Each structure stands twice: as structure tokens, then as C-alpha cells.
Amino acid sequence: MSGSTIKIIIGPQHPALKEPERFILETEGEYVVDVKVRIGYIHRGIEKAMENRTYLQGLYLSERVCGICSDAHTTCYVQGVEELLGIEPPPRSRFIRVIVAELERIHSHLLWLGIAAHEIGFDTLFMYVWRDREVVMDLLELVSGNRVNYAINTIGGVRRDLNNGRIQKMLKGLKILEDRTKEYLKMIGREQTVLKRTVNIGNLSKSDAIKYGAVGPTARASGVKRDVRVDDPYAAYDEISFNVIVEDGCDCLARIMVRGREVLESIHIIREALKKMPDGEIRVRVKPRIPPAEALSRVEAPRGELLYYIKSNGTDKPERCKIRTPTLANIPSLCKMLVGGYIADVPIVLAGIDPCFACMDRVLIIDKEKRKAEVWTLDMLRRYGREWYQKR
Amino acid sequence: MAFAREALRNIFKKPITEKYPFERREPAEGFRGRPIWDMKKCIGCGTCVRVCPVKAVEMVGRGREAIIKHHLERCIYCGQCAESCPTKAITMTPEYELSDTDKSRMLHVYERK
């Protein structure tokens with residue numbers, strides 16, 4: 001039977017995937033030898049919709065790109081718009097941005113830890129972790145006024161201040177989270193149920209992580225010290241000292257450990273930020289019209305580097321807004337991780353990059369007359385772009 | 001077996017889940033629920049209509065005679081209208097049980113008396 005491979009298709013609709021995306025696995029026996037990814041099933045046209053909204057309305061749309069890292073998206077968006085305007089948000093607002101971003105990182109990583117446990121069939125851990133995640137969800141509700149779409153950022157600052165009562169409650173909640181996370185990390189390191197499914201699974205060596213441009217915890221689990229918070233500090237990260245968590249395991253266990261330890265580091269960052277937070281204004285008023293300019297903004301979302309490119313044309317609406325989410329950057333690494341592994345390990349390896357497919361999806365052109373769907377190459381897209389602008 | 005201790009400890013604990021709707025939890029202070037309009041304060045400037053990202057607010061008529069229609073099924077509870085209102089006529093209430101099967105019940109009309 002050697003040499004003959006069988007194609008196994010996972011998705012677009014599949015119980016192991018939370019979102020529709022298609023993975024075509026070439027398998028030889030139990031091994032995966034090649035992976036092809038086909039994206040484009042859940043493209044929502046948010047970038048285009050941004051062009052029909054004012055900058056302020058676009059803020060709430062950007063928040064809804066991703067339900068998990070909604071604060072990272074707004075931070076990235078407002079930073080871009082602030083750069084276009086040439087204004088600096090007040091110092092206190094920059095610290096509040098850091099605090100909400102780190103709370104979000106804690107909630108995202110704990111959520112992921114639960115999902116990873118679920119993918120390896122360890123639902124007890126999933127329930128425990130999600131129970132404790134409620135603590136950070138309550139803190140986010142307390143700080144921002146909502147559990148999911150926080151709407152704390154606005155162009156020129158933040159919308160809500162932290163008072164003493166909220167800070168005290170937050171410190172109390174952080175203590176619980178710290179104890180629980182430490183406990184889980186200790187338990188996971190010794191628990192055979194987890195170790196047997198994650199050690200040496202989905203390997204991505206350091207050189208491959210660099211070669212395929214992995215970002216965020218995926219890169220850091222392969223020993224690559226890559227973090228926008230340190231490499232290109234935004235908000236108040238340059239005033240807070242913290243460590244970039246790096247693991248050398250290169251496997252799924254390393255990805256769990258990186259995220260777990262990052263939760264602890266985030267708690268440390270929040271405490272530091274609360275200590276160093278200056279008094280004063282939390283926002284500056286801005287004009288709705290923005291002079292023609294271009295801006296590129298980067299943020300370390302819980303999943304990795306998030307990028308926004310915004311172009312203004314002098315009106316109150318952006319001319320172009322491009323979003324590159326971390327999942328898209330991690331897809332090439334994901335293909336590398338899957339190759340050589342067992343079919344049974346595909347779900348945990350897939351979950352290992354913390355995929356958020358709806359955020360990253362790219363457009364698929366469907367020709368109704370020819371009854372054909374195709375993915376465009378860069379050249380085809382360029383040609384189309386030129387023609388579209390000439391017609392306008 | 002590292003989880004055995006944790007599992008044992010949890011046997012004797014009460015369930016963490018609340019039995020909603022029999023037990024109802026109060027939202028945190030400052031929670032953004034359904035916005036309400038105070039028509040005594042409203043001057044009919046239309047700022048809430050302009051800033052709303054989802055076009056959930058509609059204004060019929062102009063100035064101090066205007067009627068506000070709030071489409072709850074479109075509202076995303078961002079609170080931008082309450083923030084932008086020049087006379088602070090809009091408040092975000094902590095009301096959160098807002099789902100309904102009938103669309104007509106989700107339209108809130110604020111008329112002048």
C-alpha cells in the first residue's frame with residue numbers, strides 16, 4: 001500500500017471545527033502527509049463595511065470582528081485613527097487600555113485552555129477552567145460595562161474611568177485567578193491524561209516558526225521571542241516592566257504552558273499598571289473629519305500580532321481599512337504542525353494556534369453565471385483593483 | 001492522578017451555576033442595558049440618530065416636537081448615544097432580559113406628552 005494516499009476532508013462543516021473552514025488531509029495509514037487549507041467560507045465583508053461608516057461607528061464594527069479579542073481590535077483601530085489625527089491619548093487612558101487588554105488576555109487564554117482540554121477529551125478540566133474564567137468575565141463587566149464587547153476604547157482615549165471601588169474588587173479577583181492558574185499549571189504538568197495527548201504532538205521547530213512567520217503564543221511556544229508589546233510598545237507597555245514568556249517545547253504542551261504562564265504575567269502587568277497609573281483626564285475630544293493620511297497600527301492580541309491599516313481621505317469615513325488577524329499569520333505554521341502527525345491529533349493541533357477563522361477569512365469570488373467559485377491570486381486582485389478605481 | 005484531589009474537593013461544593021430564571025443575578029454597577037430617553041430633556045437635535053453605529057434610533061419630526069423610535073432588535077448596547085447626547089436625556093438602564101419573539105414589541109416609541 002506504500003505510496004498511495006487517501007484524502008480526508010475536514011470541514012467546512014465538521015464537529016471538530018467551531019467555524020467553517022476546510023482542511024484537506026492527505027493521509028498514509030494513520031499519518032498525515034500533506035495538508036491543504038481552503039479558507040473563505042465565512043467572509044463577512046467587514047473591511048468594506050468600514051468604508052460606509054464614520055470613524056466612530058467603525059469603532060463598534062471593528063469591535064465585532066472577533067468576539068474573544070474585541071478589545072485588541074478596538075485598541076488597534078483607535079491607535080490607527082489617533083495616528084491619522086496626530087493626537088496622543090492622555091496617560092491615564094493608556095494605562096486603562098493596558099489593564100483591559102490584559103484582562104482580555106487572561107480571559108482569552110483561560111478560554112483557550114478549556115477548549116484545548118475539551119479537544120483532548122478532558123472535559124473535567126474544561127469545566128473547571130471555565131468556572132474560574134467567570135471571575136475575569138465579572139471583572140471585565142465591572143470595568144467596562146459589558147462581558148464581551150467592552151466598548152471601552154474611543155478615539156482619543158477611553159470611555160470609562162476606574163474608581164477605587166473597582167480597583168479593590170479587581171485586585172481581589174486577580175488574587176483568585178492567580179491562585180487558580182498556578183494550581184492548574186502545577187496539575188497539568190503532572191497529569192498523564194494531558195501529557196499523553198500533548199507532548200511531542202504538533203511539533204513546530206524554532207527555525208520553522210521563524211520561516212513560516214508564526215505570531216503570538218504559537219511562536220513563543222517554539223522559542224521565538226516575538227511580542228509586539230516589547231518589540232513595538234504601544235499604550236503604556238513601555239512604562240511597565242514584564243517578561244516575555246517563552247517555552248522551548250515546540251509542542252502542544254508548550255502551547256498550553258506559554259498561555260498559562262502568560263496569564264500569570266498578565267496579572268503581574270495589571271498590578272503594575274494599577275500602581276503606576278497617573279491621575280488626570282481619560283480622553284481628549286476629537287474632530288469627526290480626518291485629514292488625508294495613512295496609518296499602520298499593531299497590537300499584541302491574545303492570539304498574536306494584529307494589524308490594522310487605515311487610509312483616510314479628508315472625510316469622516318475611511319477610504320480603506322485593512323485588517324490582518326493573527327490566525328491568518330499562523331495558518332502556514334499550522335500546516336507544518338499537522339504534517340507527520342496522527343489523524344487523531346488533528347483537533348488538538350488545530351486548536352493549538354487558537355484559531356479564529358471568522359476573523360481572518362479572505363474573500364472568495366463566486367461567479368454566478370459560470371457557477372464557479374475561485375480564490376483570486378494577488379495579480380488578479382491587483383488587476384481588479386486597478387480597474388475598479390479607474391471606473392470610479 | 002493529579003486531578004484527583006481537585007475533583008474530590010469539588011464533590012462537596014455547591015454547584016457553581018445559578019438556576020436562572022429562578023435565581024437572577026444583578027448586573028455589575030455601570031452595566032449597559034436598554035437605553036431609555038427622557039423626553040423632558042430631549043431637544044430633538046438628532047445626535048443619537050447620527051452616531052448610532054447600527055441605525056437603531058429613528059427620529060420622526062424635528063426639534064422639540066420630535067418623536068424618538070428605538071429599535072431594540074438592532075441595538076448593540078454600546079452606549080454611544082447616551083455618551084453623545086448634549087442634554088444627557090439618554091440613560092443606559094441595567095435591564096438585560098430583553099429578548100422577544102415578536103418584533104413589534106421590541107420597538108420603543110418615546111412621545112412628548
# chains A, B, ... in the order shown; residues from 1 in each chain; ligands from 1
>>> closest_atom_pairs(of="chain B", to="chain A", cutoff="12 Å", atoms="only C-alpha atoms", output="CSV")
residue,atom,partner,partner_atom,distance
B:Met1,CA,A:Glu191,CA,6.1
B:Ala2,CA,A:Glu191,CA,5.2
B:Phe3,CA,A:Met187,CA,6.5
B:Ala4,CA,A:Glu191,CA,9.8
B:Arg5,CA,A:Met187,CA,9.9
B:Glu6,CA,A:Met187,CA,9.2
B:Ala7,CA,A:Thr124,CA,8.5
B:Arg9,CA,A:Tyr128,CA,11.9
B:Asn10,CA,A:Tyr128,CA,9.5
B:Pro15,CA,A:Arg131,CA,10.2
B:Ile16,CA,A:Arg131,CA,7.3
B:Thr17,CA,A:Arg131,CA,8.7
B:Glu18,CA,A:Arg131,CA,11.8
B:Arg25,CA,A:Asp138,CA,11.6
B:Glu26,CA,A:Asp138,CA,11.5
B:Pro27,CA,A:Glu141,CA,8.3
B:Ala28,CA,A:Leu142,CA,5.5
B:Glu29,CA,A:Leu142,CA,6.6
B:Gly30,CA,A:Gly145,CA,5.5
B:Phe31,CA,A:Gly145,CA,4.2
B:Arg32,CA,A:Gly145,CA,5.5
B:Gly33,CA,A:Gly145,CA,8.9
B:Cys48,CA,A:Gln57,CA,11.8
B:Val49,CA,A:Gln57,CA,11.6
B:Arg50,CA,A:Gln57,CA,9.4
B:Val51,CA,A:Gln57,CA,6.7
B:Cys52,CA,A:Gln57,CA,6.9
B:Pro53,CA,A:Gln57,CA,4.5
B:Val54,CA,A:Gln57,CA,8.1
B:Lys55,CA,A:Gln57,CA,10.0
B:Cys75,CA,A:Tyr60,CA,11.7
B:Ile76,CA,A:Tyr60,CA,9.0
B:Tyr77,CA,A:Asn146,CA,8.9
B:Cys78,CA,A:Ala151,CA,6.3
B:Gly79,CA,A:Ala151,CA,8.5
B:Gln80,CA,A:Leu56,CA,9.0
B:Cys81,CA,A:Gln57,CA,11.2
B:Ala82,CA,A:Arg159,CA,11.6
B:Glu83,CA,A:Arg159,CA,8.7
B:Ser84,CA,A:Leu56,CA,11.1
B:Met92,CA,A:Gly145,CA,10.2
B:Thr93,CA,A:Gly145,CA,11.2
B:Pro94,CA,A:Gly145,CA,9.7
B:Tyr96,CA,A:Asn146,CA,10.8
>>> residues_around(residues="Gly213 in chain A", least_positions_apart="3", cutoff="10 Å", atoms="only C-alpha atoms", output="ChimeraX atom specification")
/A:207-210,219,329-333
>>> closest_residue(among="A:Asn153, A:Thr315, A:Ser70, A:Asn52", to="Ile290 in chain A", atoms="only C-alpha atoms")
A:Thr315
>>> select_by_dssp(residues="range 52-289 of chain A", states="alpha helix (DSSP H)", output="mmCIF file with C-alpha atoms, in the first residue's frame")
data_model
loop_
_atom_site.group_PDB
_atom_site.id
_atom_site.type_symbol
_atom_site.label_atom_id
_atom_site.label_comp_id
_atom_site.auth_asym_id
_atom_site.auth_seq_id
_atom_site.Cartn_x
_atom_site.Cartn_y
_atom_site.Cartn_z
ATOM 1 C CA TYR A 55 -14.759 56.586 12.179
ATOM 2 C CA LEU A 56 -16.784 56.469 15.380
ATOM 3 C CA GLN A 57 -19.266 53.947 14.007
ATOM 4 C CA GLY A 58 -16.412 51.906 12.555
ATOM 5 C CA LEU A 59 -15.033 51.563 16.058
ATOM 6 C CA TYR A 60 -18.018 49.462 17.090
ATOM 7 C CA LEU A 61 -17.786 47.424 13.923
ATOM 8 C CA SER A 62 -14.100 46.675 14.497
ATOM 9 C CA GLU A 63 -15.031 45.500 17.970
ATOM 10 C CA SER A 70 -12.674 42.530 20.842
ATOM 11 C CA ASP A 71 -10.589 44.918 22.908
ATOM 12 C CA ALA A 72 -7.438 44.215 20.895
ATOM 13 C CA HIS A 73 -9.318 45.126 17.715
ATOM 14 C CA THR A 74 -10.592 48.435 19.059
ATOM 15 C CA THR A 75 -7.202 49.321 20.543
ATOM 16 C CA CYS A 76 -5.581 48.687 17.201
ATOM 17 C CA TYR A 77 -8.257 50.662 15.363
ATOM 18 C CA VAL A 78 -8.198 53.702 17.644
ATOM 19 C CA GLN A 79 -4.415 53.761 17.600
ATOM 20 C CA GLY A 80 -4.519 53.923 13.828
ATOM 21 C CA VAL A 81 -7.108 56.699 13.827
ATOM 22 C CA GLU A 82 -5.194 58.623 16.502
ATOM 23 C CA GLU A 83 -2.097 58.371 14.338
ATOM 24 C CA LEU A 84 -4.058 59.774 11.390
ATOM 25 C CA LEU A 85 -5.214 62.668 13.545
ATOM 26 C CA PRO A 91 -1.552 58.994 30.003
ATOM 27 C CA ARG A 92 -4.288 57.642 32.283
ATOM 28 C CA SER A 93 -6.255 56.323 29.326
ATOM 29 C CA ARG A 94 -3.189 54.470 28.058
ATOM 30 C CA PHE A 95 -2.906 52.637 31.380
ATOM 31 C CA ILE A 96 -6.612 51.763 31.335
ATOM 32 C CA ARG A 97 -6.134 50.366 27.846
ATOM 33 C CA VAL A 98 -3.336 48.142 29.142
ATOM 34 C CA ILE A 99 -5.477 46.924 32.047
ATOM 35 C CA VAL A 100 -8.443 45.990 29.859
ATOM 36 C CA ALA A 101 -6.159 44.403 27.243
ATOM 37 C CA GLU A 102 -4.515 42.209 29.873
ATOM 38 C CA LEU A 103 -7.838 41.240 31.459
ATOM 39 C CA GLU A 104 -8.901 40.217 27.997
ATOM 40 C CA ARG A 105 -5.731 38.200 27.518
ATOM 41 C CA ILE A 106 -6.449 36.339 30.757
ATOM 42 C CA HIS A 107 -9.993 35.568 29.670
ATOM 43 C CA SER A 108 -8.910 34.520 26.178
ATOM 44 C CA HIS A 109 -6.118 32.234 27.422
ATOM 45 C CA LEU A 110 -8.338 30.591 30.032
ATOM 46 C CA LEU A 111 -10.997 30.082 27.397
ATOM 47 C CA TRP A 112 -8.415 28.505 25.143
ATOM 48 C CA LEU A 113 -7.141 26.277 27.931
ATOM 49 C CA GLY A 114 -10.678 24.990 28.372
ATOM 50 C CA ILE A 115 -11.063 24.370 24.649
ATOM 51 C CA ALA A 116 -7.726 22.556 24.459
ATOM 52 C CA ALA A 117 -8.834 20.315 27.344
ATOM 53 C CA HIS A 118 -12.099 19.678 25.539
ATOM 54 C CA GLU A 119 -10.280 18.769 22.314
ATOM 55 C CA ASP A 123 -13.913 17.767 29.835
ATOM 56 C CA THR A 124 -13.412 17.915 33.596
ATOM 57 C CA LEU A 125 -10.539 20.343 33.168
ATOM 58 C CA PHE A 126 -12.619 22.270 30.641
ATOM 59 C CA MET A 127 -15.394 22.749 33.213
ATOM 60 C CA TYR A 128 -13.001 23.755 35.997
ATOM 61 C CA VAL A 129 -11.184 26.295 33.876
ATOM 62 C CA TRP A 130 -14.352 27.856 32.547
ATOM 63 C CA ARG A 131 -15.770 28.086 36.036
ATOM 64 C CA ASP A 132 -12.762 30.139 37.124
ATOM 65 C CA ARG A 133 -12.872 32.175 33.943
ATOM 66 C CA GLU A 134 -16.142 33.656 35.212
ATOM 67 C CA VAL A 135 -14.068 35.643 37.726
ATOM 68 C CA VAL A 136 -12.287 37.533 34.974
ATOM 69 C CA MET A 137 -15.519 37.918 32.983
ATOM 70 C CA ASP A 138 -17.090 39.598 36.001
ATOM 71 C CA LEU A 139 -14.067 41.875 36.312
ATOM 72 C CA LEU A 140 -14.402 42.879 32.675
ATOM 73 C CA GLU A 141 -18.079 43.621 33.198
ATOM 74 C CA LEU A 142 -17.217 45.697 36.223
ATOM 75 C CA VAL A 143 -14.537 47.704 34.414
ATOM 76 C CA SER A 144 -16.213 48.198 31.056
ATOM 77 C CA ASN A 164 -11.176 53.000 43.891
ATOM 78 C CA GLY A 165 -14.027 50.558 44.486
ATOM 79 C CA ARG A 166 -13.475 48.917 41.138
ATOM 80 C CA ILE A 167 -9.723 48.699 41.686
ATOM 81 C CA GLN A 168 -10.214 46.963 45.053
ATOM 82 C CA LYS A 169 -12.615 44.426 43.544
ATOM 83 C CA MET A 170 -10.201 43.866 40.684
ATOM 84 C CA LEU A 171 -7.265 43.151 42.990
ATOM 85 C CA LYS A 172 -9.386 40.643 44.885
ATOM 86 C CA GLY A 173 -10.419 38.891 41.675
ATOM 87 C CA LEU A 174 -6.838 38.817 40.402
ATOM 88 C CA LYS A 175 -5.715 37.041 43.572
ATOM 89 C CA ILE A 176 -8.252 34.250 42.964
ATOM 90 C CA LEU A 177 -7.201 33.968 39.317
ATOM 91 C CA GLU A 178 -3.525 33.841 40.219
ATOM 92 C CA ASP A 179 -4.038 31.022 42.737
ATOM 93 C CA ARG A 180 -6.206 29.015 40.387
ATOM 94 C CA THR A 181 -3.907 29.413 37.373
ATOM 95 C CA LYS A 182 -0.864 28.361 39.416
ATOM 96 C CA GLU A 183 -2.803 25.339 40.610
ATOM 97 C CA TYR A 184 -3.783 24.365 37.054
ATOM 98 C CA LEU A 185 -0.250 24.766 35.740
ATOM 99 C CA LYS A 186 1.032 22.518 38.515
ATOM 100 C CA MET A 187 -1.668 19.938 37.845
ATOM 101 C CA ILE A 188 -1.276 19.947 34.051
ATOM 102 C CA GLY A 189 2.483 19.368 34.363
ATOM 103 C CA ARG A 190 1.857 16.121 36.271
ATOM 104 C CA GLN A 192 -0.854 11.960 32.429
ATOM 105 C CA THR A 193 -4.203 12.496 30.693
ATOM 106 C CA VAL A 194 -2.916 15.802 29.374
ATOM 107 C CA LEU A 195 0.723 14.853 28.852
ATOM 108 C CA LYS A 196 -0.042 11.784 26.755
ATOM 109 C CA ARG A 197 -2.051 13.835 24.293
ATOM 110 C CA THR A 198 0.190 16.892 24.080
ATOM 111 C CA LYS A 206 12.129 27.303 16.142
ATOM 112 C CA SER A 207 13.509 27.704 12.620
ATOM 113 C CA ASP A 208 10.153 26.690 11.117
ATOM 114 C CA ALA A 209 8.305 29.123 13.364
ATOM 115 C CA ILE A 210 10.510 31.916 12.025
ATOM 116 C CA LYS A 211 10.322 30.649 8.441
ATOM 117 C CA GLY A 216 1.863 35.210 19.319
ATOM 118 C CA PRO A 217 1.816 32.259 21.716
ATOM 119 C CA THR A 218 2.358 29.855 18.802
ATOM 120 C CA ALA A 219 5.725 31.457 18.056
ATOM 121 C CA ARG A 220 6.608 31.848 21.727
ATOM 122 C CA VAL A 228 4.550 43.413 19.887
ATOM 123 C CA ARG A 229 4.219 44.675 23.453
ATOM 124 C CA VAL A 230 8.015 44.626 23.701
ATOM 125 C CA ASP A 231 9.120 44.951 20.071
ATOM 126 C CA CYS A 252 1.148 21.329 22.203
ATOM 127 C CA LEU A 253 2.154 21.131 25.862
ATOM 128 C CA ALA A 254 4.444 24.131 25.350
ATOM 129 C CA ARG A 255 1.489 25.999 23.864
ATOM 130 C CA ILE A 256 -0.557 25.241 26.960
ATOM 131 C CA MET A 257 2.274 26.258 29.271
ATOM 132 C CA VAL A 258 3.006 29.500 27.401
ATOM 133 C CA ARG A 259 -0.597 30.583 27.691
ATOM 134 C CA GLY A 260 -0.877 29.531 31.314
ATOM 135 C CA ARG A 261 2.264 31.412 32.273
ATOM 136 C CA GLU A 262 1.162 34.412 30.238
ATOM 137 C CA VAL A 263 -1.963 34.590 32.387
ATOM 138 C CA LEU A 264 0.266 34.942 35.441
ATOM 139 C CA GLU A 265 2.364 37.563 33.659
ATOM 140 C CA SER A 266 -0.783 39.467 32.683
ATOM 141 C CA ILE A 267 -1.871 39.535 36.315
ATOM 142 C CA HIS A 268 1.540 40.992 37.151
ATOM 143 C CA ILE A 269 1.148 43.626 34.390
ATOM 144 C CA ILE A 270 -2.286 44.674 35.667
ATOM 145 C CA ARG A 271 -0.974 45.072 39.212
ATOM 146 C CA GLU A 272 1.949 47.157 37.959
ATOM 147 C CA ALA A 273 -0.352 49.269 35.790
ATOM 148 C CA LEU A 274 -2.726 49.902 38.696
ATOM 149 C CA LYS A 275 0.233 51.001 40.816
ATOM 150 C CA LYS A 276 1.752 53.307 38.207
#
>>> residues_around(residues="range 352-360 of chain A", least_positions_apart="6", cutoff="6 Å", atoms="only C-alpha atoms", output="VMD selection string")
chain A and resid 42 65 to 66 218 325 327 to 328
>>> select_by_dssp(residues="range 208-345 of chain A", states="strand (DSSP E or B)", output="list in words")
Arg283, Ala293, Glu294, Ala295, Leu296, Ser297, Arg298, Val299, Glu300, Ala301, Gly304, Glu305, Leu306, Leu307, Tyr308, Tyr309, Ile310, Lys311, Ser312, Pro318, Glu319, Arg320, Cys321, Lys322, Ile323, Arg324 and Tyr342 of chain A
>>> write_last_selection(atoms="N, CA and C atoms", output="PDB file, in the first residue's frame")
ATOM      1  N   ARG A 283      -9.771  61.204  28.353  1.00  0.00           N
ATOM      2  CA  ARG A 283      -9.957  61.299  26.904  1.00  0.00           C
ATOM      3  C   ARG A 283      -9.813  62.735  26.418  1.00  0.00           C
ATOM      4  N   ALA A 293      -4.414  60.823   5.142  1.00  0.00           N
ATOM      5  CA  ALA A 293      -3.154  60.234   5.627  1.00  0.00           C
ATOM      6  C   ALA A 293      -3.283  58.723   5.615  1.00  0.00           C
ATOM      7  N   GLU A 294      -2.197  58.068   5.967  1.00  0.00           N
ATOM      8  CA  GLU A 294      -2.213  56.614   6.066  1.00  0.00           C
ATOM      9  C   GLU A 294      -1.639  56.237   7.430  1.00  0.00           C
ATOM     10  N   ALA A 295      -2.149  55.170   7.997  1.00  0.00           N
ATOM     11  CA  ALA A 295      -1.610  54.736   9.287  1.00  0.00           C
ATOM     12  C   ALA A 295      -1.589  53.229   9.363  1.00  0.00           C
ATOM     13  N   LEU A 296      -0.554  52.728  10.030  1.00  0.00           N
ATOM     14  CA  LEU A 296      -0.443  51.290  10.257  1.00  0.00           C
ATOM     15  C   LEU A 296      -0.307  51.095  11.764  1.00  0.00           C
ATOM     16  N   SER A 297      -1.132  50.240  12.298  1.00  0.00           N
ATOM     17  CA  SER A 297      -1.124  50.088  13.746  1.00  0.00           C
ATOM     18  C   SER A 297      -1.011  48.612  14.101  1.00  0.00           C
ATOM     19  N   ARG A 298      -0.209  48.331  15.129  1.00  0.00           N
ATOM     20  CA  ARG A 298      -0.007  46.942  15.536  1.00  0.00           C
ATOM     21  C   ARG A 298      -0.337  46.770  17.010  1.00  0.00           C
ATOM     22  N   VAL A 299      -0.908  45.644  17.340  1.00  0.00           N
ATOM     23  CA  VAL A 299      -1.263  45.346  18.720  1.00  0.00           C
ATOM     24  C   VAL A 299      -0.998  43.865  18.956  1.00  0.00           C
ATOM     25  N   GLU A 300      -0.565  43.522  20.156  1.00  0.00           N
ATOM     26  CA  GLU A 300      -0.425  42.107  20.501  1.00  0.00           C
ATOM     27  C   GLU A 300      -1.764  41.624  21.061  1.00  0.00           C
ATOM     28  N   ALA A 301      -2.563  41.012  20.195  1.00  0.00           N
ATOM     29  CA  ALA A 301      -3.827  40.431  20.630  1.00  0.00           C
ATOM     30  C   ALA A 301      -3.505  39.131  21.377  1.00  0.00           C
ATOM     31  N   GLY A 304      -1.843  36.803  19.051  1.00  0.00           N
ATOM     32  CA  GLY A 304      -0.635  37.208  18.334  1.00  0.00           C
ATOM     33  C   GLY A 304      -0.793  38.596  17.750  1.00  0.00           C
ATOM     34  N   GLU A 305       0.076  38.879  16.786  1.00  0.00           N
ATOM     35  CA  GLU A 305       0.118  40.238  16.251  1.00  0.00           C
ATOM     36  C   GLU A 305      -1.105  40.545  15.397  1.00  0.00           C
ATOM     37  N   LEU A 306      -1.758  41.627  15.745  1.00  0.00           N
ATOM     38  CA  LEU A 306      -2.920  42.086  14.988  1.00  0.00           C
ATOM     39  C   LEU A 306      -2.541  43.376  14.290  1.00  0.00           C
ATOM     40  N   LEU A 307      -2.962  43.503  13.029  1.00  0.00           N
ATOM     41  CA  LEU A 307      -2.513  44.646  12.249  1.00  0.00           C
ATOM     42  C   LEU A 307      -3.686  45.355  11.583  1.00  0.00           C
ATOM     43  N   TYR A 308      -3.705  46.662  11.691  1.00  0.00           N
ATOM     44  CA  TYR A 308      -4.722  47.470  11.011  1.00  0.00           C
ATOM     45  C   TYR A 308      -4.016  48.473  10.120  1.00  0.00           C
ATOM     46  N   TYR A 309      -4.518  48.599   8.908  1.00  0.00           N
ATOM     47  CA  TYR A 309      -4.032  49.657   8.032  1.00  0.00           C
ATOM     48  C   TYR A 309      -5.230  50.526   7.702  1.00  0.00           C
ATOM     49  N   ILE A 310      -5.139  51.807   7.980  1.00  0.00           N
ATOM     50  CA  ILE A 310      -6.272  52.701   7.727  1.00  0.00           C
ATOM     51  C   ILE A 310      -5.805  53.856   6.849  1.00  0.00           C
ATOM     52  N   LYS A 311      -6.603  54.159   5.829  1.00  0.00           N
ATOM     53  CA  LYS A 311      -6.292  55.283   4.946  1.00  0.00           C
ATOM     54  C   LYS A 311      -7.463  56.242   4.991  1.00  0.00           C
ATOM     55  N   SER A 312      -7.164  57.507   5.247  1.00  0.00           N
ATOM     56  CA  SER A 312      -8.244  58.494   5.304  1.00  0.00           C
ATOM     57  C   SER A 312      -8.174  59.390   4.083  1.00  0.00           C
ATOM     58  N   PRO A 318     -13.421  56.347   6.526  1.00  0.00           N
ATOM     59  CA  PRO A 318     -12.122  55.901   5.996  1.00  0.00           C
ATOM     60  C   PRO A 318     -12.229  55.459   4.541  1.00  0.00           C
ATOM     61  N   GLU A 319     -11.143  55.671   3.808  1.00  0.00           N
ATOM     62  CA  GLU A 319     -11.113  55.239   2.412  1.00  0.00           C
ATOM     63  C   GLU A 319     -10.869  53.739   2.333  1.00  0.00           C
ATOM     64  N   ARG A 320      -9.994  53.257   3.238  1.00  0.00           N
ATOM     65  CA  ARG A 320      -9.680  51.831   3.245  1.00  0.00           C
ATOM     66  C   ARG A 320      -9.302  51.442   4.662  1.00  0.00           C
ATOM     67  N   CYS A 321      -9.731  50.262   5.033  1.00  0.00           N
ATOM     68  CA  CYS A 321      -9.342  49.759   6.335  1.00  0.00           C
ATOM     69  C   CYS A 321      -9.005  48.288   6.148  1.00  0.00           C
ATOM     70  N   LYS A 322      -7.751  47.949   6.368  1.00  0.00           N
ATOM     71  CA  LYS A 322      -7.352  46.558   6.182  1.00  0.00           C
ATOM     72  C   LYS A 322      -7.029  45.925   7.528  1.00  0.00           C
ATOM     73  N   ILE A 323      -7.499  44.706   7.704  1.00  0.00           N
ATOM     74  CA  ILE A 323      -7.290  44.004   8.969  1.00  0.00           C
ATOM     75  C   ILE A 323      -6.532  42.721   8.690  1.00  0.00           C
ATOM     76  N   ARG A 324      -5.462  42.475   9.433  1.00  0.00           N
ATOM     77  CA  ARG A 324      -4.765  41.195   9.333  1.00  0.00           C
ATOM     78  C   ARG A 324      -4.773  40.596  10.742  1.00  0.00           C
ATOM     79  N   TYR A 342      -0.507  12.140  13.727  1.00  0.00           N
ATOM     80  CA  TYR A 342      -1.638  11.226  13.561  1.00  0.00           C
ATOM     81  C   TYR A 342      -2.911  12.003  13.227  1.00  0.00           C
TER      82      TYR A 342
END
>>> residues_around(residues="Ile43 in chain B", least_positions_apart="3", cutoff="9 Å", atoms="only C-alpha atoms", output="compact mmCIF listing (two decimals) with all heavy atoms, in the first residue's frame")
# COMPACT_ATOMS: atom_id res chain seq x y z
N MET B 39 -37.88 62.34 27.59
CA MET B 39 -38.32 63.29 26.58
C MET B 39 -38.46 64.71 27.13
O MET B 39 -38.63 65.65 26.37
CB MET B 39 -39.64 62.82 25.95
CG MET B 39 -39.48 61.55 25.14
SD MET B 39 -38.08 61.56 24.01
CE MET B 39 -38.74 62.45 22.63
N LYS B 40 -38.41 64.86 28.46
CA LYS B 40 -38.44 66.22 29.02
C LYS B 40 -37.12 66.94 28.72
O LYS B 40 -37.09 68.15 28.56
CB LYS B 40 -38.65 66.14 30.54
CG LYS B 40 -40.09 65.84 30.90
CD LYS B 40 -40.35 66.10 32.37
CE LYS B 40 -41.68 65.50 32.77
NZ LYS B 40 -41.54 64.22 33.49
N GLY B 46 -31.05 65.17 17.17
CA GLY B 46 -30.73 64.08 16.24
C GLY B 46 -29.33 63.55 16.34
O GLY B 46 -28.88 62.79 15.49
N GLY B 63 -36.90 68.99 16.00
CA GLY B 63 -36.80 69.85 17.17
C GLY B 63 -37.56 69.33 18.38
O GLY B 63 -37.58 68.13 18.63
N ARG B 64 -38.22 70.24 19.09
CA ARG B 64 -38.85 69.86 20.35
C ARG B 64 -40.15 69.07 20.17
O ARG B 64 -40.74 68.61 21.13
CB ARG B 64 -39.10 71.11 21.19
CG ARG B 64 -37.79 71.70 21.67
CD ARG B 64 -37.99 72.70 22.77
NE ARG B 64 -36.68 73.18 23.22
CZ ARG B 64 -36.01 72.65 24.22
NH1 ARG B 64 -36.49 71.62 24.87
NH2 ARG B 64 -34.84 73.14 24.56
N GLU B 65 -40.60 68.93 18.91
CA GLU B 65 -41.80 68.11 18.67
C GLU B 65 -41.44 66.67 18.28
O GLU B 65 -42.32 65.83 18.09
CB GLU B 65 -42.66 68.71 17.55
CG GLU B 65 -43.66 69.75 18.03
CD GLU B 65 -42.98 71.11 18.19
OE1 GLU B 65 -42.43 71.61 17.19
OE2 GLU B 65 -42.99 71.66 19.32
N ALA B 66 -40.17 66.40 18.13
CA ALA B 66 -39.75 65.12 17.56
C ALA B 66 -40.12 63.94 18.44
O ALA B 66 -40.18 64.03 19.66
CB ALA B 66 -38.25 65.13 17.35
N PRO B 86 -26.24 65.75 24.06
CA PRO B 86 -25.79 67.01 24.67
C PRO B 86 -26.55 67.37 25.94
O PRO B 86 -26.04 68.12 26.77
CB PRO B 86 -26.03 68.04 23.57
CG PRO B 86 -27.06 67.44 22.69
CD PRO B 86 -26.88 65.96 22.76
N THR B 87 -27.79 66.85 26.11
CA THR B 87 -28.55 67.20 27.31
C THR B 87 -28.67 66.05 28.29
O THR B 87 -29.41 66.13 29.26
CB THR B 87 -29.98 67.66 26.92
OG1 THR B 87 -30.59 66.62 26.15
CG2 THR B 87 -29.96 68.93 26.12
N ALA B 89 -30.13 63.21 27.97
CA ALA B 89 -31.51 62.74 28.02
C ALA B 89 -31.58 61.22 27.94
O ALA B 89 -32.62 60.63 28.21
CB ALA B 89 -32.31 63.35 26.87
>>> atom_distance(atom1="CA of Asp38 in chain B", atom2="CA of Asp100 in chain B")
23.6 Å
>>> atom_distance(atom1="CA of Asp345 in chain A", atom2="CA of Glu30 in chain A")
10.2 Å
